[in-house]
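Q: Contents are mmCIF, C-alpha atoms; file name target-v8.cif:
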```cif
data_structure
#
loop_
_atom_site.label_atom_id
_atom_site.label_comp_id
_atom_site.auth_asym_id
_atom_site.auth_seq_id
_atom_site.Cartn_x
_atom_site.Cartn_y
_atom_site.Cartn_z
CA MET S 1111 11.24 11.87 -2.44
CA SER S 1112 10.67 8.62 -0.60
CA VAL S 1113 7.42 7.44 0.94
CA ASP S 1114 9.12 7.21 4.36
CA TRP S 1115 10.28 10.84 4.17
CA MET S 1116 6.78 12.02 3.28
CA THR S 1117 5.27 10.08 6.16
CA THR S 1118 7.69 11.66 8.62
CA HIS S 1119 7.43 15.21 7.25
CA ARG S 1120 3.78 15.23 6.15
CA GLY S 1121 2.97 18.37 8.15
CA VAL S 1122 5.82 20.30 6.55
CA LEU S 1123 4.76 19.11 3.11
CA ARG S 1124 1.19 20.29 3.59
CA TRP S 1125 2.23 23.72 4.84
CA ALA S 1126 4.55 24.04 1.85
CA ALA S 1127 1.70 22.96 -0.43
CA VAL S 1128 -0.28 26.00 0.67
CA GLY S 1129 2.57 28.49 0.97
CA VAL S 1130 4.69 27.84 -2.12
CA PRO S 1131 2.01 28.66 -4.74
CA ILE S 1132 1.13 31.88 -2.87
CA LEU S 1133 4.78 33.00 -2.69
CA LEU S 1134 5.33 32.07 -6.32
CA ALA S 1135 2.24 33.99 -7.45
CA ALA S 1136 3.40 37.02 -5.43
CA VAL S 1137 6.75 36.94 -7.24
CA LEU S 1138 5.06 36.54 -10.61
CA ALA S 1139 2.88 39.55 -9.80
CA LEU S 1140 6.04 41.69 -9.94
CA LEU S 1141 6.43 40.59 -13.58
CA ARG S 1142 2.86 41.18 -14.69
CA GLY S 1143 4.04 43.51 -17.43
CA GLN S 1144 6.20 40.83 -19.01
CA LEU S 1145 3.96 37.76 -18.44
CA THR S 1146 0.49 36.93 -19.68
CA PRO S 1147 -1.89 35.30 -17.18
CA SER S 1148 -1.64 32.03 -19.11
CA THR S 1149 2.15 31.98 -18.84
CA ALA S 1150 1.99 32.72 -15.14
CA ALA S 1151 -0.53 29.92 -14.73
CA LEU S 1152 1.86 27.48 -16.40
CA VAL S 1153 4.51 28.36 -13.83
CA LEU S 1154 2.02 27.75 -11.03
CA VAL S 1155 1.08 24.42 -12.60
CA LEU S 1156 4.69 23.29 -12.15
CA ALA S 1157 4.44 23.98 -8.41
CA VAL S 1158 1.12 22.15 -8.19
CA VAL S 1159 2.47 19.15 -10.10
CA GLY S 1160 5.58 19.04 -7.87
CA VAL S 1161 3.50 18.86 -4.70
CA SER S 1162 0.85 16.55 -6.15
CA ALA S 1163 3.52 14.10 -7.34
CA THR S 1164 4.30 13.28 -3.70
CA GLY S 1165 1.04 11.34 -3.57
CA ASP S 1166 -0.28 13.08 -0.47
CA ARG S 1167 -3.91 13.72 -1.40
CA ALA S 1168 -4.42 16.49 1.16
CA ALA S 1169 -1.24 18.27 0.04
CA GLY S 1170 -2.17 17.94 -3.63
CA VAL S 1171 -5.65 19.38 -3.10
CA ALA S 1172 -4.30 22.16 -0.88
CA SER S 1173 -1.67 23.08 -3.47
CA ALA S 1174 -4.21 23.16 -6.31
CA VAL S 1175 -6.68 25.31 -4.39
CA SER S 1176 -3.91 27.59 -3.10
CA ALA S 1177 -2.56 28.07 -6.65
CA ALA S 1178 -6.03 28.87 -8.00
CA VAL S 1179 -6.71 31.42 -5.25
CA ALA S 1180 -3.24 32.98 -5.59
CA PHE S 1181 -3.65 33.19 -9.37
CA ASP S 1182 -6.95 34.97 -8.89
CA PHE S 1183 -5.63 37.33 -6.20
CA PHE S 1184 -2.27 38.34 -7.70
CA LEU S 1185 -2.55 37.79 -11.43
CA THR S 1186 -6.06 38.56 -12.64
CA VAL S 1187 -7.98 41.82 -12.93
CA PRO S 1188 -9.03 43.28 -10.52
CA TYR S 1189 -5.71 42.67 -8.75
CA TYR S 1190 -5.62 41.85 -5.02
CA SER S 1191 -9.24 40.75 -5.14
CA LEU S 1192 -10.87 37.34 -5.27
CA SER S 1193 -13.09 38.39 -8.16
CA ILE S 1194 -12.46 37.23 -11.74
CA TYR S 1195 -14.11 39.06 -14.63
CA ASP S 1196 -12.42 37.34 -17.55
CA ARG S 1197 -13.91 33.97 -18.52
CA ASP S 1198 -10.53 32.71 -19.77
CA ASN S 1199 -8.98 33.36 -16.37
CA VAL S 1200 -11.80 31.47 -14.68
CA GLU S 1201 -11.02 28.48 -16.90
CA VAL S 1202 -7.31 28.72 -16.05
CA ALA S 1203 -8.10 28.70 -12.32
CA VAL S 1204 -10.30 25.63 -12.76
CA VAL S 1205 -7.56 23.88 -14.75
CA LEU S 1206 -5.10 24.48 -11.90
CA VAL S 1207 -7.40 22.61 -9.51
CA VAL S 1208 -8.12 19.78 -11.97
CA VAL S 1209 -4.42 19.28 -12.75
CA GLY S 1210 -3.58 19.07 -9.04
CA LEU S 1211 -6.27 16.48 -8.39
CA ALA S 1212 -5.36 14.38 -11.43
CA VAL S 1213 -1.61 14.32 -10.69
CA THR S 1214 -2.28 13.49 -7.03
CA GLU S 1215 -4.39 10.46 -7.93
CA LEU S 1216 -1.79 9.23 -10.42
CA ALA S 1217 0.96 9.63 -7.81
CA LEU S 1218 -1.11 7.76 -5.21
CA TRP S 1219 -1.55 4.88 -7.64
CA GLY S 1220 2.19 4.81 -8.28
CA HIS S 1221 3.01 4.81 -4.56
CA ARG S 1222 0.59 1.96 -3.93
CA GLN S 1223 2.30 -0.06 -6.66
CA GLN S 1224 5.68 0.72 -5.08
CA VAL S 1225 4.53 -0.44 -1.64
CA ALA S 1226 3.02 -3.61 -3.11
CA ALA S 1227 6.29 -4.37 -4.92
CA ARG S 1228 8.27 -3.90 -1.70
CA MET S 1229 5.90 -6.22 0.16
CA ARG S 1230 6.18 -8.90 -2.53
CA SER S 1231 9.97 -8.61 -2.35
CA GLY S 1232 9.74 -9.15 1.42
CA TYR S 1233 7.64 -12.27 0.95
CA ILE S 1234 10.19 -13.71 -1.48
CA ASP S 1235 13.03 -12.94 0.96
CA GLY S 1236 11.12 -14.81 3.66
CA VAL S 1237 10.73 -17.92 1.52
CA LEU S 1238 14.41 -17.80 0.54
CA GLY S 1239 15.37 -17.46 4.20
CA LEU S 1240 13.39 -20.58 5.04
CA SER S 1241 15.13 -22.44 2.24
CA ASP S 1242 18.41 -21.65 4.00
CA VAL S 1243 17.02 -23.08 7.26
CA ILE S 1244 16.07 -26.30 5.49
CA ALA S 1245 19.45 -26.55 3.79
CA THR S 1246 21.25 -26.32 7.14
CA GLY S 1247 19.15 -29.17 8.52
CA SER S 1248 17.28 -27.20 11.22
CA ASP S 1249 14.20 -29.41 10.93
CA ALA S 1250 13.14 -29.11 14.56
CA ALA S 1251 12.98 -25.33 14.31
CA LEU S 1252 11.24 -25.28 10.93
CA PRO S 1253 7.58 -25.07 12.06
CA LYS S 1254 8.36 -22.16 14.40
CA THR S 1255 10.42 -20.44 11.73
CA ILE S 1256 7.65 -20.79 9.18
CA GLY S 1257 5.08 -19.62 11.73
CA ALA S 1258 7.12 -16.52 12.56
CA ALA S 1259 7.46 -15.68 8.86
CA MET S 1260 3.70 -16.14 8.33
CA LYS S 1261 2.94 -13.92 11.29
CA THR S 1262 5.07 -11.17 9.79
CA VAL S 1263 3.62 -11.55 6.30
CA LEU S 1264 -0.03 -11.64 7.39
CA GLY S 1265 0.09 -9.42 10.48
CA VAL S 1266 -1.87 -11.91 12.61
CA ASP S 1267 -1.56 -12.40 16.37
CA ARG S 1268 -0.30 -15.99 16.36
CA VAL S 1269 0.56 -18.84 14.02
CA ALA S 1270 0.93 -22.44 15.20
CA TRP S 1271 1.65 -25.79 13.53
CA THR S 1272 -0.49 -28.82 14.33
CA ALA S 1273 -0.08 -32.29 12.87
CA GLY S 1274 -3.14 -33.95 11.34
CA GLU S 1275 -6.36 -32.80 9.73
CA PRO S 1276 -7.83 -29.37 10.56
CA SER S 1277 -11.37 -28.91 11.85
CA PRO S 1278 -13.88 -29.26 8.98
CA ASN S 1279 -15.64 -26.07 10.11
CA ALA S 1280 -12.56 -23.86 10.03
CA PRO S 1281 -12.06 -21.24 7.30
CA VAL S 1282 -9.39 -22.52 4.90
CA VAL S 1283 -6.83 -20.58 2.86
CA GLY S 1284 -6.79 -22.08 -0.63
CA ARG S 1285 -3.82 -22.24 -2.96
CA ASP S 1286 -5.29 -19.34 -4.93
CA GLY S 1287 -5.04 -17.10 -1.86
CA VAL S 1288 -8.80 -17.10 -1.21
CA VAL S 1289 -10.19 -17.86 2.26
CA ARG S 1290 -13.31 -20.02 2.09
CA THR S 1291 -15.71 -21.61 4.51
CA ASP S 1292 -18.64 -23.78 3.41
CA GLY S 1293 -17.74 -22.90 -0.18
CA ARG S 1294 -18.07 -19.15 0.42
CA ASP S 1295 -15.35 -16.59 -0.28
CA LEU S 1296 -14.92 -14.57 2.92
CA ARG S 1297 -13.40 -11.55 1.09
CA VAL S 1298 -10.85 -11.06 3.84
CA ASP S 1299 -9.19 -8.21 1.94
CA ARG S 1300 -12.29 -6.16 2.81
CA ARG S 1301 -13.81 -7.78 5.88
CA GLY S 1302 -10.68 -9.18 7.47
CA LEU S 1303 -9.83 -12.62 8.78
CA PRO S 1304 -12.38 -14.07 11.23
CA THR S 1305 -11.70 -12.93 14.79
CA ASP S 1306 -13.91 -15.55 16.43
CA LEU S 1307 -12.48 -18.54 14.54
CA VAL S 1308 -9.00 -19.75 13.64
CA THR S 1309 -8.18 -19.79 9.95
CA VAL S 1310 -6.17 -22.77 8.72
CA ILE S 1311 -3.65 -23.50 5.99
CA PRO S 1312 -3.60 -27.26 5.36
CA VAL S 1313 -0.33 -28.84 4.25
CA SER S 1314 -0.61 -31.95 2.08
CA ARG S 1315 1.83 -34.51 0.81
CA GLY S 1316 0.16 -35.99 -2.20
CA GLU S 1317 -3.45 -36.56 -1.15
CA HIS S 1318 -2.56 -36.95 2.52
CA VAL S 1319 -2.83 -33.93 4.86
CA ILE S 1320 0.21 -34.04 7.11
CA GLY S 1321 -0.83 -31.08 9.25
CA HIS S 1322 -1.98 -27.48 9.20
CA PHE S 1323 -1.04 -24.01 10.34
CA THR S 1324 -3.61 -22.12 12.40
CA LEU S 1325 -3.85 -18.35 12.03
CA VAL S 1326 -5.23 -16.42 14.99
CA ALA S 1327 -6.38 -12.82 14.53
CA ALA S 1328 -8.36 -12.12 17.69
CA THR S 1329 -7.21 -8.70 18.92
CA ARG S 1330 -7.73 -6.68 15.73
CA VAL S 1331 -9.11 -6.93 12.21
CA VAL S 1332 -6.43 -8.10 9.77
CA ARG S 1333 -7.06 -7.71 6.03
CA PRO S 1334 -4.34 -9.59 4.15
CA GLY S 1335 -4.37 -9.34 0.38
CA ARG S 1336 -4.30 -12.31 -1.96
CA ASP S 1337 -0.55 -11.90 -2.55
CA GLN S 1338 0.06 -12.12 1.20
CA LEU S 1339 -2.07 -15.24 1.53
CA ARG S 1340 -0.39 -16.91 -1.43
CA ALA S 1341 2.97 -16.11 0.13
CA ALA S 1342 1.73 -17.80 3.33
CA ILE S 1343 0.81 -20.87 1.27
CA LEU S 1344 4.34 -20.98 -0.17
CA LEU S 1345 5.75 -20.73 3.33
CA ALA S 1346 3.51 -23.53 4.58
CA GLU S 1347 4.61 -25.79 1.73
CA GLN S 1348 8.14 -25.71 3.09
CA MET S 1349 6.90 -28.35 5.58
CA THR S 1350 6.55 -30.82 2.71
CA ARG S 1351 10.21 -30.27 1.87
CA GLN S 1352 11.06 -31.22 5.43
CA GLU S 1353 8.98 -34.37 5.02
CA ARG S 1354 10.71 -35.24 1.76
CA SER S 1355 14.18 -34.55 3.14
CA THR S 1356 13.40 -36.71 6.19
CA GLY S 1357 12.12 -39.49 3.98
CA THR S 1358 15.20 -39.29 1.77
CA ALA S 1359 17.53 -39.42 4.77
CA SER S 1360 15.68 -42.47 6.13
CA GLY S 1361 15.92 -44.25 2.83
#
```
Starting from the file, give its structure as structure tokens.
A:
Amino acid sequence: MSVDWMTTHRGVLRWAAVGVPILLAAVLALLRGQLTPSTAALVLVLAVVGVSATGDRAAGVASAVSAAVAFDFFLTVPYYSLSIYDRDNVEVAVVLVVVGLAVTELALWGHRQQVAARMRSGYIDGVLGLSDVIATGSDAALPKTIGAAMKTVLGVDRVAWTAGEPSPNAPVVGRDGVVRTDGRDLRVDRRGLPTDLVTVIPVSRGEHVIGHFTLVAATRVVRPGRDQLRAAILLAEQMTRQERSTGTASG
């Protein structure tokens, strides 16, 4: 089940998370003579795990609670009551909830890794695309092309190329993907890029700064991760390739 499908059908998933364990417990109640409460609970665990594996925290919690209540109502004495007299059955109901929560958190971690991998793949595609632009000799369009790619990667409002040194007071994106100003790490992954200042990515050729990209994030808080910022650095460095190719052609 893809992340996109779950996003589109989240309401359906959450209703199913509540309804499926109840329906399953009702069916198992018809087989009470052939099943022990522990066996029935194992069947309910499968339903809880199936829902929790989607990574939707609300659905996972709802499924776990629904399974515990349905187990109590249909499969423990006194039947069709929310009372539990047997200590073992109480423990089983608690386990149903704990399993649902644990599987949900594991699935959420897996989905976050999947999204991060897709984003990194997108950054690499962007750099490769710029390499094609350079190879075809579109030097005049290169700064705009790089700026557009940076805007997509970082989610900022505007990116512009300016020749020469940046302002000494501007926050600077370092090669390690950390944004600093006056030696301080701005922790933009939590606080976001400054909205009242432009952030800059200097581009150097040797020890000489040939120019810089300015990042404007004025209309909303943007919180790029370090991978995104490092990808922006790689994109910015394509300008040095233009400089080298120009120098080679002149020679």
Q: What residues come out when you apply the PyMOL selection byres ((chain S and resi 1171-1174) around 12) to this file, written as an NGL selection string?
A: :S and (1123-1134 or 1151 or 1154-1170 or 1175-1181 or 1202-1215)
Q: Calculate how many Å separate atom CA of S:Val1137 from atom CA of S:Tyr1195, rounding to one decimal.
A: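 It comes out at 22.2 Å.
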Q: Measuring between all atoms listed in the file, which one of S:Ser1193, S:Gln1338, S:Gln1224, S:Thr1305 shows the shortest distance to S:Leu1325?
A: S:Thr1305
Q: Taking the file above as input, evaluate the PyMOL selection byres ((chain S and resi 1279) around 8) and report the hits as a ChimeraX atom specification.
A: /S:1277-1278,1280-1281,1291-1292
Q: One number please: atom CA of S:Pro1334 to atom CA of S:Gly1316, in Å, one decimal.
A: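 Atom-to-atom, atom CA of S:Pro1334 to atom CA of S:Gly1316, that is 27.5 Å.
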Q: What does the structure give for the distance between atom CA of S:Val1153 and atom CA of S:Val1200, in Å to one decimal?
A: 16.6 Å
Q: Which is closest to S:Val1319 among S:Leu1218, S:Ala1250, S:Leu1192, S:Ala1273, if we use only C-alpha atoms?
A: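 Closest to S:Val1319, using only C-alpha atoms: S:Ala1273.
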Q: Given the file shown, enumerate the residues that the PyMOL selection byres ((chain S and resi 1256) around 8) captures and present them as a compact mmCIF listing (two decimals) with C-alpha atoms, keeping the file's coordinate frame.
A:
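So out.txt came out as:
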```txt
# COMPACT_ATOMS: atom_id res chain seq x y z
CA LEU S 1240 13.39 -20.58 5.04
CA LEU S 1252 11.24 -25.28 10.93
CA PRO S 1253 7.58 -25.07 12.06
CA LYS S 1254 8.36 -22.16 14.40
CA THR S 1255 10.42 -20.44 11.73
CA GLY S 1257 5.08 -19.62 11.73
CA ALA S 1258 7.12 -16.52 12.56
CA ALA S 1259 7.46 -15.68 8.86
CA MET S 1260 3.70 -16.14 8.33
CA LEU S 1345 5.75 -20.73 3.33
CA ALA S 1346 3.51 -23.53 4.58
CA GLN S 1348 8.14 -25.71 3.09
```
Q: Centre and edge lengths, as lines of an AutoDock Vina configuration file, for the axis-aligned box enclosing every listed atom of stretch 1151-1167 of chain S with 5 Å of padding on each of the six sides, in Å to one decimal?
A:
```
center_x = 0.8
center_y = 20.6
center_z = -8.4
size_x = 19.5
size_y = 28.6
size_z = 25.9
```
